[in-house]
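Asker: You'll find data-v2.txt just under this line, and it carries compact mmCIF, C-alpha atoms.
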```
# COMPACT_ATOMS: atom_id res chain seq x y z
CA MET A 1 1.05 -18.46 -3.76
CA ILE A 2 -1.27 -15.60 -4.66
CA ASP A 3 -3.35 -16.42 -1.59
CA LEU A 4 -0.38 -16.23 0.79
CA LEU A 5 0.52 -12.93 -0.86
CA ILE A 6 -2.96 -11.47 -0.33
CA VAL A 7 -3.15 -12.57 3.32
CA ALA A 8 0.37 -11.23 3.99
CA ARG A 9 -0.54 -7.93 2.34
CA ALA A 10 -3.77 -7.60 4.34
CA LEU A 11 -1.96 -8.26 7.64
CA HIS A 12 0.86 -5.93 6.69
CA PHE A 13 -1.43 -3.03 5.74
CA ALA A 14 -3.45 -3.46 8.94
CA SER A 15 -0.43 -3.73 11.25
CA THR A 16 1.47 -0.87 9.60
CA ALA A 17 -1.60 1.38 9.74
CA THR A 18 -1.97 0.47 13.43
CA VAL A 19 1.65 1.45 14.15
CA GLY A 20 1.58 4.61 12.04
CA GLY A 21 -1.79 5.64 13.46
CA ALA A 22 -0.71 5.07 17.06
CA VAL A 23 2.44 7.18 16.85
CA LEU A 24 0.72 9.92 14.84
CA PHE A 25 -2.15 9.92 17.36
CA GLN A 26 0.27 10.31 20.21
CA TRP A 27 2.10 13.18 18.51
CA MET A 28 -0.83 15.14 17.12
CA VAL A 29 -3.70 14.27 19.46
CA ALA A 30 -2.81 12.78 22.85
CA GLU A 31 0.40 14.68 23.69
CA PRO A 32 -1.06 18.16 23.04
CA ALA A 33 -4.29 17.24 24.82
CA PHE A 34 -2.49 15.93 27.91
CA ARG A 35 0.30 18.49 27.99
CA ASN A 36 -1.34 20.50 30.76
CA LEU A 37 -1.86 17.47 32.96
CA GLY A 38 1.85 17.01 33.72
CA VAL A 39 3.97 13.94 33.14
CA GLU A 40 3.02 12.17 36.34
CA SER A 41 -0.69 12.06 35.61
CA ALA A 42 -2.14 8.56 35.45
CA SER A 43 -3.86 9.37 32.14
CA VAL A 44 -0.59 10.36 30.50
CA ARG A 45 1.14 7.20 31.70
CA ALA A 46 -1.79 5.11 30.50
CA GLN A 47 -1.65 6.77 27.10
CA HIS A 48 2.06 5.97 26.82
CA ARG A 49 1.29 2.35 27.65
CA ASP A 50 -1.42 2.29 24.95
CA THR A 51 0.98 3.63 22.35
CA GLU A 52 3.63 1.10 23.37
CA LEU A 53 1.10 -1.73 23.15
CA PHE A 54 -0.03 -0.74 19.65
CA VAL A 55 3.53 -0.23 18.44
CA TRP A 56 4.90 -3.51 19.84
CA LEU A 57 1.99 -5.60 18.58
CA GLY A 58 1.77 -3.76 15.27
CA LEU A 59 5.50 -3.97 14.54
CA ALA A 60 5.62 -7.67 15.44
CA PHE A 61 2.82 -8.38 12.97
CA ALA A 62 4.31 -6.01 10.40
CA VAL A 63 7.73 -7.71 10.46
CA VAL A 64 6.29 -11.23 10.20
CA SER A 65 3.74 -10.35 7.48
CA GLY A 66 6.39 -8.31 5.64
CA ALA A 67 8.68 -11.36 5.64
CA PHE A 68 5.87 -13.54 4.25
CA TRP A 69 5.14 -10.89 1.62
CA LEU A 70 8.81 -10.92 0.57
CA VAL A 71 8.87 -14.73 0.40
CA ALA A 72 5.65 -14.78 -1.63
CA VAL A 73 7.07 -12.25 -4.08
CA ALA A 74 10.36 -14.19 -4.42
CA THR A 75 8.39 -17.39 -5.03
CA ASN A 76 6.25 -15.73 -7.71
CA ILE A 77 9.35 -14.38 -9.41
CA GLY A 78 11.25 -17.63 -9.03
CA GLY A 79 14.26 -15.88 -7.52
CA GLU A 80 16.29 -16.18 -4.32
CA VAL A 81 14.95 -14.06 -1.45
CA SER A 82 18.40 -12.49 -1.00
CA LEU A 83 18.64 -11.56 -4.69
CA VAL A 84 15.12 -10.08 -4.66
CA LEU A 85 16.11 -8.09 -1.58
CA ILE A 86 19.20 -6.54 -3.22
CA ALA A 87 18.37 -6.45 -6.91
CA THR A 88 14.80 -5.16 -7.03
CA GLY A 89 13.22 -1.86 -6.07
CA PHE A 90 10.76 -3.77 -3.90
CA GLY A 91 13.60 -5.45 -1.97
CA ARG A 92 15.46 -2.19 -1.41
CA VAL A 93 12.27 -0.55 -0.09
CA TRP A 94 11.91 -3.51 2.27
CA ILE A 95 15.43 -2.93 3.65
CA VAL A 96 14.65 0.76 4.24
CA ARG A 97 11.36 -0.14 5.89
CA LEU A 98 13.07 -2.60 8.23
CA ALA A 99 15.33 0.26 9.35
CA LEU A 100 12.23 2.46 9.85
CA THR A 101 10.72 -0.30 11.98
CA ALA A 102 13.75 -0.20 14.27
CA LEU A 103 13.59 3.59 14.39
CA VAL A 104 9.93 3.63 15.45
CA LEU A 105 10.69 1.07 18.15
CA LEU A 106 13.65 3.05 19.50
CA CYS A 107 11.66 6.30 19.58
CA VAL A 108 8.80 4.70 21.48
CA MET A 109 11.14 2.93 23.91
CA ALA A 110 13.02 6.20 24.50
CA GLN A 111 9.85 7.56 26.10
CA ARG A 112 10.53 5.27 29.04
CA LEU A 113 13.72 7.15 29.80
CA PRO A 114 13.57 9.68 32.62
CA GLN A 115 12.17 12.78 30.94
CA THR A 116 14.52 15.66 30.33
CA GLY A 117 12.23 18.45 29.27
CA GLY A 118 9.47 17.05 27.11
CA ASN A 119 9.07 13.92 25.09
CA TRP A 120 11.70 14.60 22.47
CA SER A 121 11.27 11.23 20.79
CA VAL A 122 7.52 11.53 20.11
CA ALA A 123 7.81 13.60 16.92
CA PRO A 124 10.64 11.55 15.32
CA GLY A 125 8.77 8.36 16.15
CA ALA A 126 5.61 9.70 14.51
CA ILE A 127 7.49 10.78 11.39
CA ALA A 128 9.24 7.38 11.16
CA GLY A 129 5.84 5.69 11.54
CA ALA A 130 4.37 7.84 8.78
CA CYS A 131 7.34 6.94 6.53
CA LEU A 132 6.85 3.25 7.32
CA MET A 133 3.29 3.52 5.98
CA GLY A 134 4.00 5.95 3.13
CA SER A 135 6.89 3.87 1.76
CA LEU A 136 4.38 1.13 0.94
CA ALA A 137 3.71 3.22 -2.19
CA TRP A 138 6.84 1.67 -3.68
CA SER A 139 5.49 -1.85 -3.19
CA GLY A 140 2.37 -1.38 -5.26
CA HIS A 141 1.00 -0.27 -8.59
CA ALA A 142 2.34 3.26 -8.12
CA ALA A 143 5.91 1.92 -8.27
CA GLY A 144 5.41 0.71 -11.81
CA THR A 145 3.81 3.75 -13.42
CA PRO A 146 6.31 5.19 -15.90
CA GLY A 147 7.31 8.81 -16.42
CA ILE A 148 6.08 11.99 -14.77
CA VAL A 149 2.63 10.50 -14.30
CA GLY A 150 4.45 7.90 -12.21
CA ASP A 151 6.02 10.54 -9.96
CA VAL A 152 2.62 12.15 -9.41
CA HIS A 153 1.11 8.72 -8.80
CA ARG A 154 3.74 7.82 -6.18
CA LEU A 155 3.41 11.16 -4.38
CA ALA A 156 -0.38 10.79 -4.31
CA ASP A 157 -0.02 7.23 -3.03
CA VAL A 158 2.35 8.25 -0.21
CA LEU A 159 -0.11 10.94 0.96
CA HIS A 160 -3.00 8.48 0.60
CA LEU A 161 -1.28 5.86 2.76
CA VAL A 162 -0.20 8.32 5.48
CA ALA A 163 -3.71 9.84 5.63
CA ALA A 164 -5.22 6.36 5.87
CA ALA A 165 -2.91 5.46 8.77
CA ALA A 166 -3.54 8.77 10.55
CA TRP A 167 -7.30 8.27 10.48
CA LEU A 168 -7.81 4.51 10.62
CA GLY A 169 -4.86 3.81 12.90
CA GLY A 170 -5.89 6.60 15.27
CA LEU A 171 -9.36 5.17 15.88
CA LEU A 172 -8.28 2.38 18.25
CA PRO A 173 -6.10 4.71 20.38
CA LEU A 174 -9.07 7.13 20.49
CA TRP A 175 -11.34 4.29 21.54
CA LEU A 176 -8.98 3.29 24.39
CA LEU A 177 -8.59 6.91 25.44
CA LEU A 178 -12.36 7.44 25.60
CA ARG A 179 -12.98 4.12 27.32
CA ARG A 180 -10.64 4.84 30.22
CA ASN A 181 -12.73 5.69 33.33
CA ILE A 182 -15.63 6.39 31.03
CA GLU A 183 -18.20 6.79 33.84
CA ASN A 184 -16.49 9.04 36.36
CA ASP A 185 -14.04 11.55 34.99
CA ASP A 186 -12.39 14.18 37.09
CA GLY A 187 -12.25 17.66 35.58
CA PRO A 188 -8.79 17.78 33.92
CA ALA A 189 -9.01 14.25 32.47
CA MET A 190 -12.45 15.03 31.07
CA LEU A 191 -11.12 18.22 29.52
CA ALA A 192 -8.20 16.32 28.00
CA LYS A 193 -10.61 13.83 26.44
CA ALA A 194 -12.63 16.65 24.90
CA VAL A 195 -9.49 18.32 23.52
CA ALA A 196 -8.24 14.98 22.18
CA THR A 197 -11.56 14.28 20.46
CA ARG A 198 -11.62 17.72 18.83
CA ARG A 199 -8.02 17.39 17.69
CA PHE A 200 -8.67 13.93 16.26
CA SER A 201 -11.74 15.28 14.53
CA ALA A 202 -9.64 17.99 12.85
CA LEU A 203 -6.99 15.44 11.92
CA GLY A 204 -9.75 13.24 10.52
CA ILE A 205 -11.10 16.02 8.29
CA ILE A 206 -7.64 16.65 6.84
CA ALA A 207 -7.14 12.90 6.36
CA VAL A 208 -10.52 12.43 4.62
CA GLY A 209 -9.85 15.40 2.33
CA THR A 210 -6.42 13.97 1.46
CA LEU A 211 -7.87 10.48 0.90
CA LEU A 212 -10.54 11.87 -1.44
CA ALA A 213 -8.13 13.99 -3.49
CA THR A 214 -5.34 11.39 -3.78
CA GLY A 215 -7.79 8.51 -4.20
CA SER A 216 -9.45 10.29 -7.13
CA MET A 217 -6.06 10.91 -8.68
CA ASN A 218 -4.94 7.27 -8.29
CA SER A 219 -8.25 6.03 -9.72
CA TRP A 220 -7.90 8.35 -12.66
CA ILE A 221 -4.41 6.94 -13.35
CA LEU A 222 -5.27 3.28 -12.75
CA VAL A 223 -8.85 3.11 -14.03
CA GLY A 224 -9.21 5.80 -16.66
CA ASP A 225 -12.41 4.59 -18.28
CA PRO A 226 -15.31 4.90 -15.76
CA LYS A 227 -17.41 2.41 -17.73
CA ALA A 228 -14.86 -0.30 -16.98
CA LEU A 229 -15.45 0.21 -13.25
CA LEU A 230 -18.59 -1.88 -13.39
CA GLU A 231 -17.29 -4.50 -15.78
CA MET A 232 -14.01 -5.52 -14.22
CA ARG A 233 -13.25 -7.14 -10.91
CA TYR A 234 -10.74 -4.39 -10.13
CA GLY A 235 -13.38 -1.74 -10.71
CA GLN A 236 -16.04 -3.58 -8.73
CA LEU A 237 -13.73 -3.99 -5.74
CA LEU A 238 -12.76 -0.33 -5.99
CA LEU A 239 -16.44 0.66 -5.89
CA LEU A 240 -16.95 -1.56 -2.83
CA LYS A 241 -13.97 0.15 -1.20
CA VAL A 242 -15.45 3.59 -1.93
CA MET A 243 -18.82 2.55 -0.45
CA LEU A 244 -17.16 1.39 2.78
CA PHE A 245 -15.19 4.64 2.88
CA VAL A 246 -18.39 6.69 2.46
CA THR A 247 -19.95 4.75 5.35
CA MET A 248 -16.92 5.56 7.54
CA VAL A 249 -17.19 9.25 6.62
CA ALA A 250 -20.92 9.20 7.43
CA ILE A 251 -20.22 7.81 10.91
CA ALA A 252 -17.43 10.34 11.43
CA THR A 253 -19.73 13.19 10.37
CA TYR A 254 -22.36 12.05 12.88
CA ASN A 255 -19.67 11.86 15.57
CA ARG A 256 -18.54 15.39 14.86
CA ALA A 257 -21.94 16.97 14.45
CA SER A 258 -23.86 15.19 17.17
CA LEU A 259 -21.57 13.48 19.71
CA THR A 260 -18.53 15.74 20.05
CA PRO A 261 -20.55 18.71 21.37
CA ARG A 262 -22.08 16.44 24.07
CA LEU A 263 -18.86 14.90 25.34
CA ALA A 264 -19.65 15.93 28.89
CA GLU A 265 -22.30 13.18 28.92
CA ALA A 266 -21.05 9.65 29.56
CA VAL A 267 -23.59 8.25 27.09
CA ALA A 268 -22.12 10.33 24.27
CA ARG A 269 -18.59 9.22 25.18
CA ARG A 270 -19.70 5.58 25.17
CA GLN A 271 -21.33 5.93 21.77
CA LEU A 272 -18.30 7.75 20.38
CA ALA A 273 -16.07 4.90 21.57
CA ARG A 274 -18.42 2.35 19.97
CA ASN A 275 -18.45 4.27 16.69
CA ALA A 276 -14.65 4.39 16.70
CA LEU A 277 -14.67 0.58 16.90
CA ALA A 278 -17.22 0.31 14.07
CA GLU A 279 -15.15 2.63 11.90
CA THR A 280 -12.06 0.53 12.66
CA GLY A 281 -13.89 -2.57 11.45
CA LEU A 282 -14.90 -0.83 8.21
CA GLY A 283 -11.36 0.50 7.78
CA PHE A 284 -9.81 -2.96 8.15
CA ALA A 285 -12.33 -4.27 5.59
CA ILE A 286 -11.07 -1.57 3.21
CA LEU A 287 -7.48 -2.72 3.82
CA MET A 288 -8.51 -6.30 2.94
CA ILE A 289 -9.89 -5.02 -0.35
CA VAL A 290 -6.71 -3.04 -0.96
CA SER A 291 -4.64 -6.18 -0.39
CA VAL A 292 -6.54 -7.85 -3.24
CA LEU A 293 -6.58 -4.80 -5.53
CA GLY A 294 -2.78 -4.70 -5.46
CA VAL A 295 -2.46 -8.11 -7.10
CA LEU A 296 -5.18 -7.54 -9.71
CA PRO A 297 -4.33 -5.87 -13.01
CA PRO A 298 -5.79 -2.36 -12.86
CA VAL A 299 -8.33 -1.35 -15.49
CA SER A 300 -5.90 0.92 -17.33
CA HIS A 301 -3.51 -1.99 -17.96
CA ILE A 302 -6.04 -4.23 -19.70
CA GLY A 303 -6.97 -4.21 -23.34
CA MET A 304 -3.73 -2.68 -24.49
CA PRO A 305 -3.02 -3.53 -28.09
CA GLY A 306 0.23 -5.45 -28.39
CA HIS A 307 1.63 -3.16 -31.05
CA MET B 1 -15.55 -16.89 18.48
CA HIS B 2 -12.16 -15.50 17.49
CA ARG B 3 -11.51 -18.54 15.35
CA THR B 4 -14.81 -18.04 13.52
CA TRP B 5 -13.84 -14.46 12.80
CA LEU B 6 -10.41 -15.44 11.55
CA GLY B 7 -11.99 -18.11 9.34
CA ALA B 8 -14.43 -15.60 7.90
CA VAL B 9 -11.65 -13.12 7.16
CA VAL B 10 -9.46 -15.72 5.43
CA ALA B 11 -12.45 -17.02 3.46
CA ALA B 12 -13.36 -13.49 2.36
CA LEU B 13 -9.79 -12.85 1.25
CA LEU B 14 -9.63 -16.08 -0.73
CA LEU B 15 -13.01 -15.34 -2.31
CA LEU B 16 -11.99 -11.81 -3.28
CA GLY B 17 -8.66 -13.02 -4.59
CA ASN B 18 -10.13 -15.93 -6.50
CA GLY B 19 -9.06 -15.84 -10.13
CA ALA B 20 -6.67 -12.99 -9.53
CA ALA B 21 -4.33 -12.59 -12.45
CA SER B 22 -0.94 -11.36 -11.39
CA ALA B 23 0.30 -10.18 -14.77
CA HIS B 24 0.79 -6.43 -14.74
CA ALA B 25 3.40 -5.19 -17.16
CA PHE B 26 1.62 -5.54 -20.48
CA LEU B 27 3.32 -5.00 -23.79
CA ASP B 28 2.35 -1.54 -24.92
CA ARG B 29 4.40 -1.08 -28.09
CA ALA B 30 6.90 -3.12 -30.06
CA GLU B 31 9.33 -2.28 -32.84
CA PRO B 32 9.23 -4.21 -35.20
CA ARG B 33 5.49 -4.31 -34.62
CA VAL B 34 3.68 -7.44 -33.48
CA GLY B 35 2.90 -9.67 -36.47
CA SER B 36 4.34 -7.15 -38.93
CA ILE B 37 6.17 -7.74 -42.20
CA VAL B 38 9.19 -5.50 -42.60
CA ALA B 39 11.19 -4.90 -45.79
CA VAL B 40 14.45 -3.92 -44.08
CA ALA B 41 15.97 -6.21 -41.47
CA PRO B 42 15.75 -4.44 -38.06
CA ARG B 43 18.97 -3.83 -36.06
CA GLU B 44 17.18 -4.32 -32.75
CA VAL B 45 13.93 -5.24 -31.06
CA ALA B 46 12.54 -2.47 -28.84
CA LEU B 47 9.66 -3.16 -26.48
CA SER B 48 7.75 -0.70 -24.36
CA PHE B 49 5.60 -1.86 -21.42
CA THR B 50 2.79 -0.36 -19.37
CA GLU B 51 4.98 -0.42 -16.26
CA ASN B 52 8.61 0.07 -15.29
CA LEU B 53 10.74 -3.09 -15.31
CA GLU B 54 13.23 -4.78 -12.98
CA PRO B 55 16.38 -5.37 -15.13
CA THR B 56 17.69 -8.30 -13.06
CA PHE B 57 14.58 -10.38 -13.63
CA SER B 58 13.58 -9.35 -17.17
CA THR B 59 14.70 -11.23 -20.28
CA ILE B 60 14.04 -11.29 -24.01
CA GLU B 61 14.83 -13.94 -26.64
CA VAL B 62 14.65 -13.57 -30.40
CA THR B 63 14.85 -16.79 -32.43
CA ASP B 64 14.64 -17.67 -36.11
CA SER B 65 12.36 -20.36 -37.57
CA ALA B 66 14.94 -23.02 -36.69
CA GLY B 67 14.92 -21.92 -33.05
CA ARG B 68 18.41 -20.38 -33.15
CA ARG B 69 19.02 -17.24 -31.04
CA VAL B 70 19.55 -14.20 -33.25
CA ASP B 71 19.63 -11.54 -30.52
CA GLY B 72 22.72 -10.03 -28.91
CA GLY B 73 22.07 -11.55 -25.47
CA LYS B 74 21.69 -9.13 -22.61
CA PRO B 75 18.97 -6.54 -23.19
CA SER B 76 19.35 -2.94 -22.09
CA ILE B 77 16.49 -1.90 -19.84
CA ALA B 78 15.57 1.61 -18.77
CA GLY B 79 12.27 2.46 -17.11
CA ASN B 80 9.51 0.73 -19.03
CA LYS B 81 11.63 0.18 -22.16
CA MET B 82 13.63 -2.89 -23.13
CA ARG B 83 15.81 -3.24 -26.22
CA VAL B 84 18.08 -5.95 -27.53
CA PRO B 85 20.40 -5.77 -30.59
CA LEU B 86 19.95 -8.26 -33.43
CA GLN B 87 22.37 -10.04 -35.72
CA ASP B 88 22.05 -9.44 -39.49
CA LEU B 89 18.74 -11.08 -40.24
CA PRO B 90 18.14 -12.81 -43.56
CA ALA B 91 14.59 -13.06 -44.89
CA GLY B 92 12.41 -15.24 -42.67
CA THR B 93 10.05 -15.38 -39.71
CA TYR B 94 11.32 -14.49 -36.22
CA GLN B 95 9.89 -15.16 -32.80
CA VAL B 96 10.25 -12.69 -29.92
CA LYS B 97 9.73 -14.08 -26.39
CA TRP B 98 9.75 -11.73 -23.43
CA HIS B 99 9.57 -12.45 -19.73
CA VAL B 100 9.51 -9.40 -17.47
CA LEU B 101 9.16 -8.45 -13.83
CA SER B 102 7.51 -5.09 -13.26
CA VAL B 103 8.71 -3.02 -10.31
CA ASP B 104 5.42 -3.68 -8.53
CA THR B 105 6.67 -7.31 -8.36
CA HIS B 106 4.46 -8.94 -10.96
CA VAL B 107 5.79 -11.36 -13.54
CA SER B 108 4.37 -11.43 -17.05
CA GLU B 109 5.45 -12.94 -20.33
CA GLY B 110 4.41 -13.16 -23.92
CA SER B 111 5.60 -13.71 -27.43
CA PHE B 112 4.99 -12.49 -30.95
CA SER B 113 6.52 -12.90 -34.36
CA PHE B 114 7.54 -10.66 -37.22
CA GLN B 115 8.72 -11.36 -40.74
CA VAL B 116 11.60 -9.96 -42.73
CA ARG B 117 10.65 -9.98 -46.41
CA PRO B 118 12.83 -7.70 -48.54
```
Go through the file and emit its structure as structure tokens.
Answerer:
Amino acid sequence: MIDLLIVARALHFASTATVGGAVLFQWMVAEPAFRNLGVESASVRAQHRDTELFVWLGLAFAVVSGAFWLVAVATNIGGEVSLVLIATGFGRVWIVRLALTALVLLCVMAQRLPQTGGNWSVAPGAIAGACLMGSLAWSGHAAGTPGIVGDVHRLADVLHLVAAAAWLGGLLPLWLLLRRNIENDDGPAMLAKAVATRRFSALGIIAVGTLLATGSMNSWILVGDPKALLEMRYGQLLLLKVMLFVTMVAIATYNRASLTPRLAEAVARRQLARNALAETGLGFAILMIVSVLGVLPPVSHIGMPGH
Amino acid sequence: MHRTWLGAVVAALLLLGNGAASAHAFLDRAEPRVGSIVAVAPREVALSFTENLEPTFSTIEVTDSAGRRVDGGKPSIAGNKMRVPLQDLPAGTYQVKWHVLSVDTHVSEGSFSFQVRP
């Protein structure tokens, strides 16, 4: 049952990050970059289609994997799914998250309506998507931490999850955006790509800073003793996760320092798109590790005297 | 090609998850203490765990050496603390069995004994 739980968690993290990242990308990166192109521009319509694709696919996977996660938890507990849904904090968070799923879907579908002065549903959709990701904090270790430390832990976890979605989930939309007509860009579309890349780069810096700060805080709460990092499976996996993260940051730094200033060249745009894919692969590997970490006892919980 | 990838991902997950223990809420503190000998019969057993508990799925049982229940039934649970009242305990050895679900959805259980020896 543990194995079903881990696979369900991995799929759920990946699909939720994809949804959250896509709607946040549209709100903070694509919309502002394309605003000057006008609604009828082919690039804007294509970007809407991208967002819809990511949201539909991501939500479908998120709902199915979330259901499997719930069933796996109920099986581990030995309780009815319906009772787990009503009588546990985990179940109640799942009900709220199902409502958030519907909200994201409605906001994205509303963009198909004839526009009446701007895309009013982009911001609410992005916020609902961020909540869908951030509320995962109540499904994991942070939910169980008692007292004020627990409140700090949960807040840090929410920020950590949203930052992860904003960066990791924005990479595929960025890749698609850069790939579109990569060889021959007309002036305005080229300009929009450059603005989008710079905006995503800024978003990425904020996300990485948030991930570092909140990740350190969570590790401090869950690991405590640095020596135990090397000795326990939880610590080893956490170190592996940090190494993958550092690799992602290294690629992102290269992108920003070397490729972003040369965006006018098609070769730089191609490489940037490739790097976005590589970072996505690393990011999904991190989510796989996270899906295992969540079912392992953290370092701080081991070796407690029973009295 | 896609199937190979999927296989590799599932294999990696299973490998990483191999031997995963799911127990999370560990007993942090107990009153009466684990394995202790107390002179005055306690009025209740109070347990404190490393994580917050789900009341619906958390239970405790206190039995005497003959296996009879000596606790007051339903425990009161708040946060990471669980307490259950006890009947008047004569001298003897008592067994405490707990089975808890932490709010991060992990089940754990354990037991310990204490002695009343006035």
Asker: Quick one: which chain A residues come within 7 Å of chain B, and what is the nearest atom pair for each with the distance in Å to one decimal, counting all atoms listed in the file, rows ordered by chain and ascending number, as a Markdown table?
Answerer:
```
| residue | atom | partner | partner_atom | distance |
| --- | --- | --- | --- | --- |
| A:Asp3 | CA | B:Leu14 | CA | 6.3 |
| A:Val7 | CA | B:Leu13 | CA | 7.0 |
| A:Val73 | CA | B:Thr105 | CA | 6.5 |
| A:Ile77 | CA | B:Val107 | CA | 6.2 |
| A:Ala87 | CA | B:Thr56 | CA | 6.5 |
| A:Thr88 | CA | B:Glu54 | CA | 6.2 |
| A:Gly89 | CA | B:Val103 | CA | 6.3 |
| A:Phe90 | CA | B:Val103 | CA | 6.8 |
| A:Ser139 | CA | B:Asp104 | CA | 5.6 |
| A:Gly140 | CA | B:Asp104 | CA | 5.0 |
| A:His141 | CA | B:Asp104 | CA | 5.6 |
| A:Ala143 | CA | B:Asp104 | CA | 5.6 |
| A:Gly144 | CA | B:Glu51 | CA | 4.6 |
| A:Thr145 | CA | B:Glu51 | CA | 5.2 |
| A:Pro146 | CA | B:Asn52 | CA | 5.6 |
| A:Met288 | CA | B:Leu13 | CA | 6.9 |
| A:Val292 | CA | B:Gly17 | CA | 5.7 |
| A:Val295 | CA | B:Ser22 | CA | 5.6 |
| A:Leu296 | CA | B:Ala20 | CA | 5.7 |
| A:Pro297 | CA | B:His24 | CA | 5.4 |
| A:His301 | CA | B:Thr50 | CA | 6.7 |
| A:Met304 | CA | B:Asp28 | CA | 6.2 |
| A:Pro305 | CA | B:Asp28 | CA | 6.5 |
| A:Gly306 | CA | B:Leu27 | CA | 5.6 |
| A:His307 | CA | B:Arg29 | CA | 4.6 |
```
Asker: Just want the 8 Å neighbourhood of segment 49-58 of chain A, counted on all atoms listed in the file, with same-chain residues fewer than 4 positions away dropped. Output as a list in words.
Answerer: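 The contact residues come out as Ser15, Thr16, Thr18, Val19, Ala22, Val23, Gln26, Arg45, Ala62, Leu105, Val108, Met109, Pro173 and Leu176 of chain A.
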Asker: Please indicate the distance in Å from atom CA of Ser82 of chain A to atom CA of Ala128 of chain A, rounded to one decimal place.
Answerer: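 Interatomic distance, atom CA of Ser82 of chain A to atom CA of Ala128 of chain A: 25.0 Å.
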Asker: Identify, on the basis of all atoms listed in the file, every residue whose closest approach to segment 82-84 of chain B does not exceed 6 Å; exclude the query and any residue fewer than 6 positions from it along the same chain; express the result as a list in words.
Answerer: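 So the residues in contact are Glu44, Val45, Ala46, Leu47, Pro75 and Ser76 of chain B.
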Asker: Write out, as a short mmCIF file (atom, residue, chain, number, x, y, z; two decimals), in the frame of the given file, the residues just selected, with C-alpha atoms.
Answerer:
```cif
data_model
loop_
_atom_site.label_atom_id
_atom_site.label_comp_id
_atom_site.auth_asym_id
_atom_site.auth_seq_id
_atom_site.Cartn_x
_atom_site.Cartn_y
_atom_site.Cartn_z
CA GLU B 44 17.18 -4.32 -32.75
CA VAL B 45 13.93 -5.24 -31.06
CA ALA B 46 12.54 -2.47 -28.84
CA LEU B 47 9.66 -3.16 -26.48
CA PRO B 75 18.97 -6.54 -23.19
CA SER B 76 19.35 -2.94 -22.09
#
```
Asker: To one decimal in Å, tell me the separation between atom CA of Ala285 of chain A and atom CA of Ala164 of chain A.
Answerer: 12.8 Å
Asker: Just to confirm, what's the straight-line distance from atom CA of Gly72 of chain B to atom CA of Leu85 of chain A in Å (one decimal)?
Answerer: 28.2 Å
Asker: Given 6 Å on each side, where is the centre and what are the edge lengths in Å to one decimal of the axis-aligned box enclosing the listed atoms of segment 51-68 of chain B, as AutoDock Vina command-line options?
Answerer:
```
--center_x 11.7 --center_y -11.5 --center_z -25.3 --size_x 25.4 --size_y 35.1 --size_z 36.6
```
Asker: Need to verify the contact set: Ala67 of chain A, 10 Å, all atoms listed in the file, exclusion of same-chain residues closer than 3 positions in sequence. Can you return it as number ranges by chain?
Answerer: A: 8, 12, 61-64, 70-73, 81, 94
Asker: Tell me which of A:Leu177, A:Ala278, A:Trp27, A:Ile148 sits closest to Cys107 of chain A, counting all atoms listed in the file.
Answerer: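 The closest residue to Cys107 of chain A is A:Trp27.
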Asker: Determine the nearest neighbour of Arg92 of chain A from the options A:Met217, A:Leu136, A:Leu238, A:Ala60, counting all atoms listed in the file.
Answerer: A:Leu136
